[in-house]
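Colleague: Please read through the structure below; I'll follow up with questions.
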Amino acid sequence: NYRLDGGEKLTGKEIFAICKVMLESRAFCKDEFMPIMEKMIERCAYDADELHIKDMVANEKYHYCEPQHGKRLVETLWDLSYDIQKHCRIAVKYERLTEPHFKERTVNPVGIMFSEHYFYLAAFIPEKSTKNPTIYRIDRICDYTVLQEKFTIPYANRFEEGEFRKRIQFMYGGDLLRIEFNYRGESPEAVLDRLPTAKIIENKDGVYRFKAEVFGRGIKPWLLAQTDKIEVLSPEDLREEMKALIARMMKIYQ
């Protein structure tokens with residue numbers, strides 16, 4: 001007998017950690033996700049590890065809550081990755097939450113990202129001269145067609161998901177904002193983890209002053225979630241938006 005060894009397998013502890021992350025992400029519908037996880041677990045180097053992992057994730061598998069859209073996405077993600085790599089322009093039919101509920105658009109796809117249970121396509125609209133791409137939720141793309149025409153992006157201006165991801169919160173598009181805020185909470189590390197571009201510029205009597213770069217106004221829900229631990233200092237228009245929003249919230253509870 002001769003056996004071709006494909007290299008070192010993932011250890012049981014590594015597979016277990018990945019399974020926990022995947023279960024928590026709730027990124028896929030159940031009938032698409034479960035076979036993926038089963039294949040991973042079956043690749044364990046030792047049978048004992050495989051049995052242990054299956055036992056440890058059994059309850060979460062049983063209670064797994066798939067995203068409400070219920071769509072299979074793996075094949076779409078794979079196809080879009082090739083369209084991005086080959087610089088293929090695509091025509092998409094996109095489902096919106098507001099009227100009109102469906103919109104058709106020709107776009108230049110440049111990146112795929114994941115955040116808060118959903119996959120997103122970053123794409124430029126050819127007729128708009130913007131520095132930053134528009135963000136589309138991939139499960140809301142009802143249909144798309146790969147066009148014959150290609151698009152080009154100079155290497156110096158190429159889209160870098162990693163750098164873009166550091167600055168975008170909750171997948172809202174928009175212009176780059178440089179914000180400054182005070183943080184009175186007990187875990188400044190949590191702020192640094194949530195905002196990779198953030199830097200502590202001052203620590204005075206337990207009040208941390210941060211600077212960070214973010215895209216658009218998508219950071220507002222996160223700022224509000226920090227309750228009275230955060231005070232926005234600049235830019236002034238964002239500070240005024242926060243004050244107006246808090247005032248509207250106060251009226252609801254009167």
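Naming scheme: A, B, ... for chains in displayed order of the structure tokens; residues 1 onward per chain; ligands 1 onward as shown.
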According to DSSP computed on the backbone, where in range 41-124 of chain A is there helix (DSSP H, G or I)? Give the residues as a list in words.
Modeller: Ile41, Asp47, Ala48, Asp49, Glu50, Leu51, His52, Ile53, Lys54, Asp55, Met56, Val57, Ala58, Asn59, Glu60, Lys61, Tyr62, Val74, Glu75, Thr76, Leu77, Trp78, Asp79, Leu80, Ser81, Tyr82, Asp83, Ile84 and Gln85 of chain A
Colleague: Taking only C-alpha atoms into account, name the residue in A:Lys220, A:Lys251, A:His63, A:Lys128 that is nearest to Arg239 in chain A.
Modeller: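 Nearest to Arg239 in chain A: A:Lys220.
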Colleague: Can you pull out the residues contacting Tyr172 in chain A? Cut-off 8 Å, using only C-alpha atoms, and skip same-chain residues under 4 positions away; I want them as a JSON list (two decimals) with N, CA and C atoms, in the first residue's frame.
Modeller:
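New file around-v9.json:
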```json
[["chain", "number", "residue", "atom", "x", "y", "z"],
["A", 135, "ILE", "N", -21.69, 49.57, -0.95],
["A", 135, "ILE", "CA", -21.76, 48.27, -0.29],
["A", 135, "ILE", "C", -23.12, 47.64, -0.55],
["A", 168, "ILE", "N", -14.59, 50.73, 8.16],
["A", 168, "ILE", "CA", -16.03, 50.71, 7.90],
["A", 168, "ILE", "C", -16.74, 49.98, 9.04],
["A", 215, "PHE", "N", -15.62, 55.03, 7.84],
["A", 215, "PHE", "CA", -16.36, 55.42, 6.65],
["A", 215, "PHE", "C", -17.82, 55.65, 7.00],
["A", 216, "GLY", "N", -18.35, 56.77, 6.54],
["A", 216, "GLY", "CA", -19.78, 57.03, 6.65],
["A", 216, "GLY", "C", -20.26, 57.21, 8.08],
["A", 217, "ARG", "N", -21.60, 57.15, 8.21],
["A", 217, "ARG", "CA", -22.24, 57.35, 9.51],
["A", 217, "ARG", "C", -22.59, 56.03, 10.18],
["A", 218, "GLY", "N", -22.06, 54.93, 9.68],
["A", 218, "GLY", "CA", -22.40, 53.63, 10.24],
["A", 218, "GLY", "C", -21.93, 53.42, 11.65]]
```
Colleague: Counting only C-alpha atoms, figure out which residue out of A:Lys199, A:Lys229, A:His52, A:Arg167 gets nearest to Ser187 in chain A.
Modeller: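 Of A:Lys199, A:Lys229, A:His52, A:Arg167, the one nearest Ser187 in chain A, counting only C-alpha atoms, is A:Lys229.
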Colleague: Step one, run DSSP on the backbone; step two, keep only residues of range 101-226 of chain A assigned to strand (DSSP E or B); then write them as a PyMOL selection string.
Modeller: chain A and resi 102-115+118-124+134-137+141-150+168+176-183+199-204+207-215
